[in-house]
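File shown here: coords15.cif, holding mmCIF, C-alpha atoms.
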```
data_coords
#
loop_
_atom_site.group_PDB
_atom_site.id
_atom_site.type_symbol
_atom_site.label_atom_id
_atom_site.label_comp_id
_atom_site.auth_asym_id
_atom_site.auth_seq_id
_atom_site.Cartn_x
_atom_site.Cartn_y
_atom_site.Cartn_z
ATOM 1 C CA MET A 1 17.889 -16.734 -24.550
ATOM 2 C CA LYS A 2 15.521 -19.710 -24.811
ATOM 3 C CA LEU A 3 12.217 -19.133 -26.563
ATOM 4 C CA SER A 4 10.279 -20.260 -23.468
ATOM 5 C CA SER A 5 12.107 -17.680 -21.308
ATOM 6 C CA ARG A 6 11.494 -14.991 -23.891
ATOM 7 C CA ILE A 7 7.772 -15.807 -23.926
ATOM 8 C CA ARG A 8 7.657 -15.909 -20.138
ATOM 9 C CA GLN A 9 9.280 -12.483 -19.865
ATOM 10 C CA SER A 10 7.044 -11.003 -22.561
ATOM 11 C CA LEU A 11 3.961 -12.340 -20.754
ATOM 12 C CA TRP A 12 5.238 -10.943 -17.460
ATOM 13 C CA LEU A 13 5.748 -7.489 -18.995
ATOM 14 C CA GLU A 14 2.369 -7.648 -20.722
ATOM 15 C CA TRP A 15 0.666 -8.622 -17.477
ATOM 16 C CA VAL A 16 2.207 -5.573 -15.756
ATOM 17 C CA ASN A 17 1.283 -3.381 -18.732
ATOM 18 C CA GLN A 18 -2.342 -4.547 -18.738
ATOM 19 C CA SER A 19 -2.619 -4.216 -14.964
ATOM 20 C CA LEU A 20 -1.497 -0.580 -15.183
ATOM 21 C CA TYR A 21 -3.826 0.124 -18.114
ATOM 22 C CA PHE A 22 -6.340 2.901 -17.315
ATOM 23 C CA ARG A 23 -4.818 3.214 -13.858
ATOM 24 C CA VAL A 24 -1.647 5.242 -14.510
ATOM 25 C CA PRO A 25 -1.212 7.910 -17.193
ATOM 26 C CA TRP A 26 -0.346 6.263 -20.524
ATOM 27 C CA ARG A 27 2.957 8.142 -20.903
ATOM 28 C CA ARG A 28 4.193 6.975 -17.501
ATOM 29 C CA ARG A 29 2.942 3.445 -18.157
ATOM 30 C CA ARG A 30 4.971 3.368 -21.366
ATOM 31 C CA GLN A 31 8.058 4.651 -19.509
ATOM 32 C CA ILE A 32 7.596 2.044 -16.777
ATOM 33 C CA ILE A 33 7.421 -0.803 -19.296
ATOM 34 C CA GLN A 34 10.420 0.529 -21.245
ATOM 35 C CA GLU A 35 12.442 0.796 -18.060
ATOM 36 C CA LEU A 36 11.447 -2.688 -16.910
ATOM 37 C CA ARG A 37 12.374 -4.074 -20.321
ATOM 38 C CA ALA A 38 15.785 -2.335 -20.230
ATOM 39 C CA ASN A 39 16.535 -3.567 -16.706
ATOM 40 C CA LEU A 40 15.348 -7.063 -17.561
ATOM 41 C CA SER A 41 17.596 -7.106 -20.611
ATOM 42 C CA GLU A 42 20.553 -6.074 -18.425
ATOM 43 C CA SER A 43 19.675 -8.673 -15.841
ATOM 44 C CA ASN A 44 19.324 -11.399 -18.517
ATOM 45 C CA GLN A 45 22.895 -10.773 -19.641
ATOM 46 C CA GLU A 46 24.321 -10.734 -16.127
ATOM 47 C CA VAL A 47 22.543 -13.603 -14.421
ATOM 48 C CA GLY A 48 20.513 -15.421 -17.087
ATOM 49 C CA ALA A 49 16.826 -15.326 -17.908
ATOM 50 C CA ASP A 50 15.537 -17.573 -15.115
ATOM 51 C CA GLU A 51 17.427 -15.795 -12.345
ATOM 52 C CA ALA A 52 16.449 -12.425 -13.867
ATOM 53 C CA MET A 53 12.775 -13.338 -13.545
ATOM 54 C CA LYS A 54 13.305 -14.570 -10.002
ATOM 55 C CA ARG A 55 14.981 -11.287 -9.080
ATOM 56 C CA LEU A 56 12.143 -9.232 -10.499
ATOM 57 C CA GLY A 57 9.751 -10.800 -8.016
ATOM 58 C CA SER A 58 6.006 -11.029 -8.311
ATOM 59 C CA ALA A 59 4.274 -9.027 -11.036
ATOM 60 C CA LYS A 60 1.442 -8.211 -8.642
ATOM 61 C CA ALA A 61 3.865 -6.731 -6.100
ATOM 62 C CA ILE A 62 5.461 -4.470 -8.685
ATOM 63 C CA VAL A 63 2.049 -3.356 -9.995
ATOM 64 C CA ASP A 64 0.891 -2.628 -6.442
ATOM 65 C CA GLY A 65 4.084 -0.626 -5.902
ATOM 66 C CA TYR A 66 3.429 1.536 -8.946
ATOM 67 C CA LEU A 67 -0.269 1.917 -8.169
ATOM 68 C CA GLU A 68 0.458 3.104 -4.656
ATOM 69 C CA MET A 69 1.614 6.393 -6.178
ATOM 70 C CA ASP A 70 -1.625 6.830 -8.073
ATOM 71 C CA LYS A 71 -4.077 5.688 -5.456
ATOM 72 C CA GLU A 72 -5.826 9.080 -5.496
ATOM 73 C CA ARG A 73 -6.242 8.911 -9.243
ATOM 74 C CA VAL A 74 -9.668 7.939 -10.521
ATOM 75 C CA ASP A 75 -9.668 4.602 -12.277
ATOM 76 C CA LEU A 76 -10.837 5.067 -15.874
ATOM 77 C CA SER A 77 -12.263 1.563 -15.896
ATOM 78 C CA VAL A 78 -14.454 2.530 -12.909
ATOM 79 C CA ALA A 79 -15.643 5.627 -14.819
ATOM 80 C CA LEU A 80 -16.483 3.437 -17.819
ATOM 81 C CA LEU A 81 -18.340 0.974 -15.648
ATOM 82 C CA ALA A 82 -20.238 3.781 -13.926
ATOM 83 C CA THR A 83 -21.159 5.224 -17.335
ATOM 84 C CA LEU A 84 -22.660 1.884 -18.304
ATOM 85 C CA LEU A 85 -24.199 0.774 -15.034
ATOM 86 C CA ILE A 86 -25.786 3.923 -13.617
ATOM 87 C CA PRO A 87 -27.880 4.762 -16.720
ATOM 88 C CA THR A 88 -28.776 1.079 -17.082
ATOM 89 C CA LEU A 89 -30.102 1.003 -13.532
ATOM 90 C CA LEU A 90 -31.944 4.278 -14.102
ATOM 91 C CA THR A 91 -33.409 2.855 -17.275
ATOM 92 C CA VAL A 92 -34.662 -0.252 -15.503
ATOM 93 C CA VAL A 93 -36.263 1.857 -12.761
ATOM 94 C CA GLY A 94 -37.658 4.263 -15.391
ATOM 95 C CA GLY A 95 -39.005 1.304 -17.368
ATOM 96 C CA PHE A 96 -40.914 0.025 -14.366
ATOM 97 C CA ILE A 97 -42.347 3.471 -13.674
ATOM 98 C CA THR A 98 -43.363 3.781 -17.320
ATOM 99 C CA ILE A 99 -45.077 0.381 -17.259
ATOM 100 C CA ILE A 100 -47.028 1.385 -14.140
ATOM 101 C CA VAL A 101 -47.988 4.685 -15.822
ATOM 102 C CA SER A 102 -48.915 2.721 -18.959
ATOM 103 C CA GLU A 103 -51.173 0.373 -16.993
ATOM 104 C CA THR A 104 -52.951 3.382 -15.508
ATOM 105 C CA ARG A 105 -53.148 4.958 -18.961
ATOM 106 C CA ASP A 106 -54.747 1.782 -20.334
ATOM 107 C CA VAL A 107 -57.548 2.205 -17.879
ATOM 108 C CA LEU A 108 -57.983 5.937 -18.480
ATOM 109 C CA ALA A 109 -57.129 6.310 -22.205
ATOM 110 C CA PRO A 110 -56.585 2.949 -23.859
ATOM 111 C CA GLU A 111 -54.453 2.543 -27.030
ATOM 112 C CA ALA A 112 -52.768 5.976 -26.789
ATOM 113 C CA PRO A 113 -48.970 5.576 -27.298
ATOM 114 C CA LEU A 114 -46.784 6.732 -24.427
ATOM 115 C CA ASP A 115 -43.326 8.297 -24.667
ATOM 116 C CA HIS A 116 -41.341 9.612 -21.764
ATOM 117 C CA THR A 117 -37.831 11.031 -21.424
ATOM 118 C CA TYR A 118 -36.114 10.465 -18.081
ATOM 119 C CA LEU A 119 -33.634 13.093 -16.848
ATOM 120 C CA GLY A 120 -33.157 14.062 -20.495
ATOM 121 C CA LEU A 121 -30.891 11.012 -20.793
ATOM 122 C CA TYR A 122 -32.990 8.196 -22.142
ATOM 123 C CA GLU A 123 -36.391 7.649 -23.644
ATOM 124 C CA VAL A 124 -38.915 4.981 -22.886
ATOM 125 C CA SER A 125 -41.763 4.476 -25.320
ATOM 126 C CA ILE A 126 -44.661 2.105 -25.048
ATOM 127 C CA SER A 127 -46.844 1.367 -28.002
ATOM 128 C CA GLY A 128 -49.302 -1.442 -27.632
ATOM 129 C CA SER A 129 -47.397 -4.319 -26.010
ATOM 130 C CA ALA A 130 -43.952 -3.102 -27.214
ATOM 131 C CA VAL A 131 -41.675 -1.313 -24.744
ATOM 132 C CA SER A 132 -38.462 0.265 -26.047
ATOM 133 C CA MET A 133 -35.762 2.182 -24.246
ATOM 134 C CA SER A 134 -32.925 4.170 -25.814
ATOM 135 C CA TRP A 135 -30.544 7.053 -25.146
ATOM 136 C CA SER A 136 -32.173 10.400 -25.945
ATOM 137 C CA SER A 137 -29.064 11.139 -28.051
ATOM 138 C CA SER A 138 -25.995 9.125 -29.020
ATOM 139 C CA ALA A 139 -23.894 11.895 -27.436
ATOM 140 C CA VAL A 140 -25.329 11.144 -23.971
ATOM 141 C CA PRO A 141 -23.042 8.198 -23.064
ATOM 142 C CA VAL A 142 -20.002 10.153 -24.296
ATOM 143 C CA LEU A 143 -21.009 13.215 -22.272
ATOM 144 C CA MET A 144 -21.611 11.030 -19.216
ATOM 145 C CA LEU A 145 -18.159 9.494 -19.514
ATOM 146 C CA ILE A 146 -16.610 12.976 -19.770
ATOM 147 C CA ALA A 147 -18.651 14.090 -16.735
ATOM 148 C CA PHE A 148 -17.436 11.091 -14.716
ATOM 149 C CA LEU A 149 -13.833 11.775 -15.719
ATOM 150 C CA ILE A 150 -14.053 15.477 -14.842
ATOM 151 C CA GLY A 151 -15.758 14.547 -11.571
ATOM 152 C CA GLY A 152 -13.005 12.019 -10.910
ATOM 153 C CA ARG A 153 -10.344 14.616 -11.621
ATOM 154 C CA PHE A 154 -11.863 17.030 -9.071
ATOM 155 C CA TRP A 155 -12.320 14.201 -6.612
ATOM 156 C CA ARG A 156 -8.588 13.592 -6.951
ATOM 157 C CA LEU A 157 -7.570 17.239 -6.747
ATOM 158 C CA ILE A 158 -9.699 18.383 -3.815
ATOM 159 C CA PRO A 159 -7.866 16.406 -1.074
ATOM 160 C CA ARG A 160 -4.547 17.647 -2.505
ATOM 161 C CA ILE A 161 -5.719 21.263 -2.392
ATOM 162 C CA ARG A 162 -6.945 20.745 1.174
ATOM 163 C CA ARG A 163 -3.605 19.260 2.203
ATOM 164 C CA ARG A 164 -1.747 22.160 0.597
ATOM 165 C CA PHE A 165 -3.745 24.685 2.600
ATOM 166 C CA SER A 166 -3.505 22.751 5.830
ATOM 167 C CA LYS A 167 0.316 22.745 5.703
ATOM 168 C CA MET B 1 13.393 -14.862 12.667
ATOM 169 C CA THR B 2 17.053 -14.855 11.657
ATOM 170 C CA SER B 3 18.882 -11.652 10.697
ATOM 171 C CA GLY B 4 18.779 -12.849 7.071
ATOM 172 C CA GLU B 5 15.002 -13.175 7.171
ATOM 173 C CA PHE B 6 14.745 -9.776 8.801
ATOM 174 C CA VAL B 7 16.535 -7.915 6.003
ATOM 175 C CA HIS B 8 14.394 -9.740 3.436
ATOM 176 C CA ASN B 9 11.136 -8.919 5.186
ATOM 177 C CA PRO B 10 9.174 -6.675 2.785
ATOM 178 C CA GLN B 11 7.302 -5.027 5.670
ATOM 179 C CA VAL B 12 10.570 -3.983 7.301
ATOM 180 C CA LEU B 13 12.117 -2.906 4.023
ATOM 181 C CA LYS B 14 9.129 -0.975 2.734
ATOM 182 C CA GLY B 15 9.908 2.244 4.554
ATOM 183 C CA LEU B 16 13.649 1.918 4.151
ATOM 184 C CA VAL B 17 14.130 1.277 0.458
ATOM 185 C CA GLY B 18 13.654 4.977 -0.363
ATOM 186 C CA LEU B 19 16.409 5.969 2.041
ATOM 187 C CA LEU B 20 18.692 3.224 0.739
ATOM 188 C CA VAL B 21 18.096 4.162 -2.900
ATOM 189 C CA LEU B 22 18.838 7.827 -2.188
ATOM 190 C CA ALA B 23 21.993 6.799 -0.335
ATOM 191 C CA THR B 24 23.089 4.612 -3.262
ATOM 192 C CA LEU B 25 22.838 7.586 -5.593
ATOM 193 C CA ARG B 26 24.892 9.839 -3.331
ATOM 194 C CA ASP B 27 28.063 8.825 -5.170
ATOM 195 C CA GLY B 28 26.709 9.468 -8.650
ATOM 196 C CA GLU B 29 23.990 8.601 -11.121
ATOM 197 C CA SER B 30 22.911 5.039 -11.737
ATOM 198 C CA TYR B 31 20.105 2.967 -13.273
ATOM 199 C CA GLY B 32 17.537 0.623 -11.757
ATOM 200 C CA TYR B 33 19.286 -2.680 -12.242
ATOM 201 C CA GLU B 34 22.633 -1.321 -11.009
ATOM 202 C CA ILE B 35 21.052 0.274 -7.938
ATOM 203 C CA THR B 36 19.379 -3.025 -7.013
ATOM 204 C CA SER B 37 22.638 -4.892 -7.578
ATOM 205 C CA LYS B 38 24.504 -2.479 -5.267
ATOM 206 C CA LEU B 39 21.885 -2.972 -2.541
ATOM 207 C CA ARG B 40 22.096 -6.744 -2.966
ATOM 208 C CA GLU B 41 25.871 -6.625 -2.726
ATOM 209 C CA GLY B 42 25.483 -4.438 0.350
ATOM 210 C CA GLY B 43 23.627 -7.216 2.183
ATOM 211 C CA LEU B 44 20.030 -7.116 0.990
ATOM 212 C CA THR B 45 20.565 -10.330 -0.920
ATOM 213 C CA GLY B 46 16.884 -11.191 -1.214
ATOM 214 C CA LEU B 47 15.810 -7.725 -2.366
ATOM 215 C CA SER B 48 13.614 -8.041 -5.443
ATOM 216 C CA GLU B 49 13.956 -5.560 -8.270
ATOM 217 C CA GLY B 50 10.197 -5.236 -8.182
ATOM 218 C CA THR B 51 10.529 -3.565 -4.780
ATOM 219 C CA VAL B 52 13.086 -1.014 -5.969
ATOM 220 C CA TYR B 53 11.642 0.122 -9.332
ATOM 221 C CA PRO B 54 8.358 1.556 -8.000
ATOM 222 C CA VAL B 55 10.344 3.356 -5.291
ATOM 223 C CA LEU B 56 12.565 4.939 -7.964
ATOM 224 C CA SER B 57 9.452 6.029 -9.789
ATOM 225 C CA ARG B 58 7.984 7.571 -6.632
ATOM 226 C CA LEU B 59 11.220 9.413 -5.803
ATOM 227 C CA GLU B 60 11.321 10.759 -9.345
ATOM 228 C CA LYS B 61 7.709 11.906 -9.075
ATOM 229 C CA ASP B 62 8.524 13.648 -5.788
ATOM 230 C CA LYS B 63 11.410 15.439 -7.597
ATOM 231 C CA PHE B 64 14.035 13.839 -5.370
ATOM 232 C CA LEU B 65 15.597 12.260 -8.444
ATOM 233 C CA SER B 66 16.210 13.537 -11.943
ATOM 234 C CA THR B 67 16.401 11.169 -14.887
ATOM 235 C CA ARG B 68 17.913 10.896 -18.332
ATOM 236 C CA LEU B 69 17.795 8.194 -20.958
ATOM 237 C CA VAL B 70 21.126 6.833 -22.162
ATOM 238 C CA PRO B 71 21.258 4.564 -25.229
ATOM 239 C CA SER B 72 22.693 1.157 -24.432
ATOM 240 C CA THR B 73 24.643 -1.079 -26.808
ATOM 241 C CA SER B 74 23.268 -4.169 -25.082
ATOM 242 C CA GLY B 75 19.549 -3.444 -25.357
ATOM 243 C CA PRO B 76 16.898 -0.783 -24.718
ATOM 244 C CA ALA B 77 17.983 2.665 -23.453
ATOM 245 C CA ARG B 78 18.837 2.811 -19.766
ATOM 246 C CA LYS B 79 17.109 5.295 -17.499
ATOM 247 C CA TYR B 80 19.712 6.915 -15.281
ATOM 248 C CA TYR B 81 18.713 8.459 -11.954
ATOM 249 C CA ALA B 82 20.584 11.214 -10.140
ATOM 250 C CA LEU B 83 20.021 12.920 -6.800
ATOM 251 C CA THR B 84 18.558 16.421 -6.986
ATOM 252 C CA ALA B 85 19.148 19.112 -4.344
ATOM 253 C CA SER B 86 15.816 18.255 -2.718
ATOM 254 C CA GLY B 87 16.767 14.566 -2.954
ATOM 255 C CA ASN B 88 19.923 15.328 -0.987
ATOM 256 C CA ALA B 89 17.893 17.180 1.625
ATOM 257 C CA GLU B 90 15.439 14.254 1.769
ATOM 258 C CA LEU B 91 18.324 11.837 2.264
ATOM 259 C CA ARG B 92 19.618 13.863 5.217
ATOM 260 C CA LYS B 93 16.108 14.119 6.679
ATOM 261 C CA SER B 94 15.410 10.393 6.236
ATOM 262 C CA TRP B 95 18.764 9.562 7.805
ATOM 263 C CA ALA B 96 17.948 11.733 10.831
ATOM 264 C CA HIS B 97 14.535 10.023 11.154
ATOM 265 C CA TRP B 98 16.197 6.629 10.916
ATOM 266 C CA GLN B 99 18.643 7.566 13.677
ATOM 267 C CA GLN B 100 15.758 8.667 15.906
ATOM 268 C CA LEU B 101 13.993 5.382 15.232
ATOM 269 C CA VAL B 102 17.128 3.393 16.024
ATOM 270 C CA ASP B 103 17.456 5.268 19.332
ATOM 271 C CA VAL B 104 13.849 4.521 20.246
ATOM 272 C CA VAL B 105 14.178 0.839 19.292
ATOM 273 C CA ASN B 106 17.421 0.561 21.276
ATOM 274 C CA THR B 107 15.801 2.157 24.298
ATOM 275 C CA PHE B 108 12.948 -0.317 24.342
ATOM 276 C CA ALA B 109 14.088 -3.472 22.626
ATOM 277 C CA ALA B 110 17.796 -3.978 23.358
ATOM 278 C CA PRO B 111 18.478 -7.021 25.624
ATOM 279 C CA GLU B 112 20.198 -4.790 28.213
ATOM 280 C CA ALA B 113 17.079 -2.579 28.300
ATOM 281 C CA GLU B 114 14.985 -5.667 29.097
ATOM 282 C CA GLY B 115 17.390 -6.525 31.919
ATOM 283 C CA ALA B 116 17.121 -3.020 33.333
ATOM 284 C CA ARG B 117 13.322 -3.213 33.282
ATOM 285 C CA LEU B 118 13.298 -6.559 35.082
ATOM 286 C CA GLN B 119 15.515 -5.306 37.924
#
```
structure tokens encoding of this file:
Amino acid sequence: MKLSSRIRQSLWLEWVNQSLYFRVPWRRRRQIIQELRANLSESNQEVGADEAMKRLGSAKAIVDGYLEMDKERVDLSVALLATLLIPTLLTVVGGFITIIVSETRDVLAPEAPLDHTYLGLYEVSISGSAVSMSWSSSAVPVLMLIAFLIGGRFWRLIPRIRRRFSK
Amino acid sequence: MTSGEFVHNPQVLKGLVGLLVLATLRDGESYGYEITSKLREGGLTGLSEGTVYPVLSRLEKDKFLSTRLVPSTSGPARKYYALTASGNAELRKSWAHWQQLVDVVNTFAAPEAEGARLQ
């Protein structure tokens, strides 16, 4: 097989692999890629590399086909994004509240440092003109990710349980 | 739309590929590439392998197919699919549904039905 065809096929498989990343269980993803590679190898020998690629069709279509089975599954990348975005938004809101409280404090008790913990998740401290925000513990983002994943798991299971009982 | 375009239409094929794959495996176990080749030889010349492989995966997940890996001399191990008892039952059920659908389509869409409606 020509090097260019080999590269093209490897890129195709990698594109499918990356598109399924976080979205189907890793064991099944590995099986899918192995099976595609085996079938592609067979097809290469029978009809040649170019025709084999043509017969496989679009990578997006095949990914969509596989994802259709897992559409109820929570997307790990969404959980990761939620873990980053939600606390960040809370922190911004908390920061504004703290600044307002700080301004009031300046009038009532100037120069006193101010520390506040929001929802037990992150801390905002104001000392003089410096404002700093940080997680209350380094375990918080990890625990939040676990909470999102467990929540996602239940979110996935509940409709199934309902369907089972409604049958 | 010609008959050739019709059998290549992904929207038309979407609901039928499962039935066709199950039917292909009625005569014995096979692997993805071979199943697609059989369907192509059977008339679905434009059928892409990318349409068939996810369907095989879904049928396996639904326990209609069992699988086993067989080492191949020509490359990576092949994944062979075989019909299970519930797969056989599903094939019969899907076939019955298809027949009902054909009857309904014939009732409404056949040219002679149009003639009867116009009279």
### Task
Just the residues within 9 Å of Ser74 of chain B, please, counting all atoms listed in the file, with nothing from its chain fewer than 4 positions along; format it as a ChimeraX atom specification.
/A:41-42,45
Select all residues from chain B having any atom no more than 8 Å from an atom of chain A (counting all atoms listed in the file, ignoring ligands), output as an mmCIF file with C-alpha atoms, in the coordinates of the input.
```cif
data_model
loop_
_atom_site.group_PDB
_atom_site.id
_atom_site.type_symbol
_atom_site.label_atom_id
_atom_site.label_comp_id
_atom_site.auth_asym_id
_atom_site.auth_seq_id
_atom_site.Cartn_x
_atom_site.Cartn_y
_atom_site.Cartn_z
ATOM 1 C CA GLY B 32 17.537 0.623 -11.757
ATOM 2 C CA TYR B 33 19.286 -2.680 -12.242
ATOM 3 C CA LEU B 47 15.810 -7.725 -2.366
ATOM 4 C CA SER B 48 13.614 -8.041 -5.443
ATOM 5 C CA GLU B 49 13.956 -5.560 -8.270
ATOM 6 C CA GLY B 50 10.197 -5.236 -8.182
ATOM 7 C CA THR B 51 10.529 -3.565 -4.780
ATOM 8 C CA TYR B 53 11.642 0.122 -9.332
ATOM 9 C CA PRO B 54 8.358 1.556 -8.000
ATOM 10 C CA VAL B 55 10.344 3.356 -5.291
ATOM 11 C CA SER B 57 9.452 6.029 -9.789
ATOM 12 C CA ARG B 58 7.984 7.571 -6.632
ATOM 13 C CA SER B 74 23.268 -4.169 -25.082
ATOM 14 C CA GLY B 75 19.549 -3.444 -25.357
ATOM 15 C CA PRO B 76 16.898 -0.783 -24.718
ATOM 16 C CA ALA B 77 17.983 2.665 -23.453
ATOM 17 C CA ARG B 78 18.837 2.811 -19.766
ATOM 18 C CA LYS B 79 17.109 5.295 -17.499
#
```
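Selection by the PyMOL selection byres ((chain B and resi 64) around 6) on the present file picks out Leu59, Glu60, Asp62, Lys63, Leu65, Thr84, Ser86 and Gly87 of chain B.
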### Task
Report the distance between atom CA of Leu119 of chain A and atom CA of Leu85 of chain A in Å, rounded to one decimal place.
15.6 Å
### Query
So what do you get for atom CA of Val104 of chain B versus atom CA of Gly42 of chain B, distance-wise?
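Those two atoms sit 24.7 Å apart.
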### Query
Quick one, how far is atom CA of Leu91 of chain B from atom CA of Ser30 of chain B?
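Taking atom CA of Leu91 of chain B as the start and atom CA of Ser30 of chain B as the end point, the length is 16.2 Å.
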### Query
Of the candidates A:Val124, A:Ala82, A:Ile33, A:Ile97, which one gets nearest to Glu14 of chain A if we count all atoms listed in the file?
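Looking only at the distances to Glu14 of chain A, the closest residue turns out to be A:Ile33.
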Give me the box for segment 88-105 of chain B as lines of an AutoDock Vina configuration file, namely the centre and edge lengths in Å to one decimal of a box along x, y and z that holds every listed atom plus 4 Å on each side.
```
center_x = 16.9
center_y = 9.0
center_z = 9.6
size_x = 14.1
size_y = 24.3
size_z = 29.2
```
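The shell of residues at most 7 Å from Val52 of chain B, with only C-alpha atoms counted and near chain neighbours (fewer than 4 positions) removed, consists of Val17, Thr36 and Leu56 of chain B.
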### Task
Kindly indicate which residue among A:Arg30, A:Lys2, A:His116, A:Arg8 lies nearest to Gly94 of chain A, using only C-alpha atoms for the distances.
A:His116
### Task
Measuring atom to atom with all atoms listed in the file, identify which of A:Phe96, A:Trp135, A:Phe22, A:Tyr122 is nearest to Leu149 of chain A.
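Looking only at the distances to Leu149 of chain A, the closest residue turns out to be A:Phe22.
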### Query
Which of these residues is nearest to Asp27 of chain B, using all atoms listed in the file: B:Leu39, B:Ala89, B:Ala96, B:Ala82?
B:Ala82
### Task
Tell me, as a PyMOL selection string, which residues lie within 10 Å of Leu80 of chain A, counting only C-alpha atoms; anything in the same chain fewer than 6 positions away does not count.
chain A and resi 141-142+144-146+148-149
#### Entry: Answer key for the PyMOL selection byres ((chain B and resi 81) around 6), residues as a list in words
Glu29, Ser30, Tyr31, Ser66, Thr67, Tyr80 and Ala82 of chain B
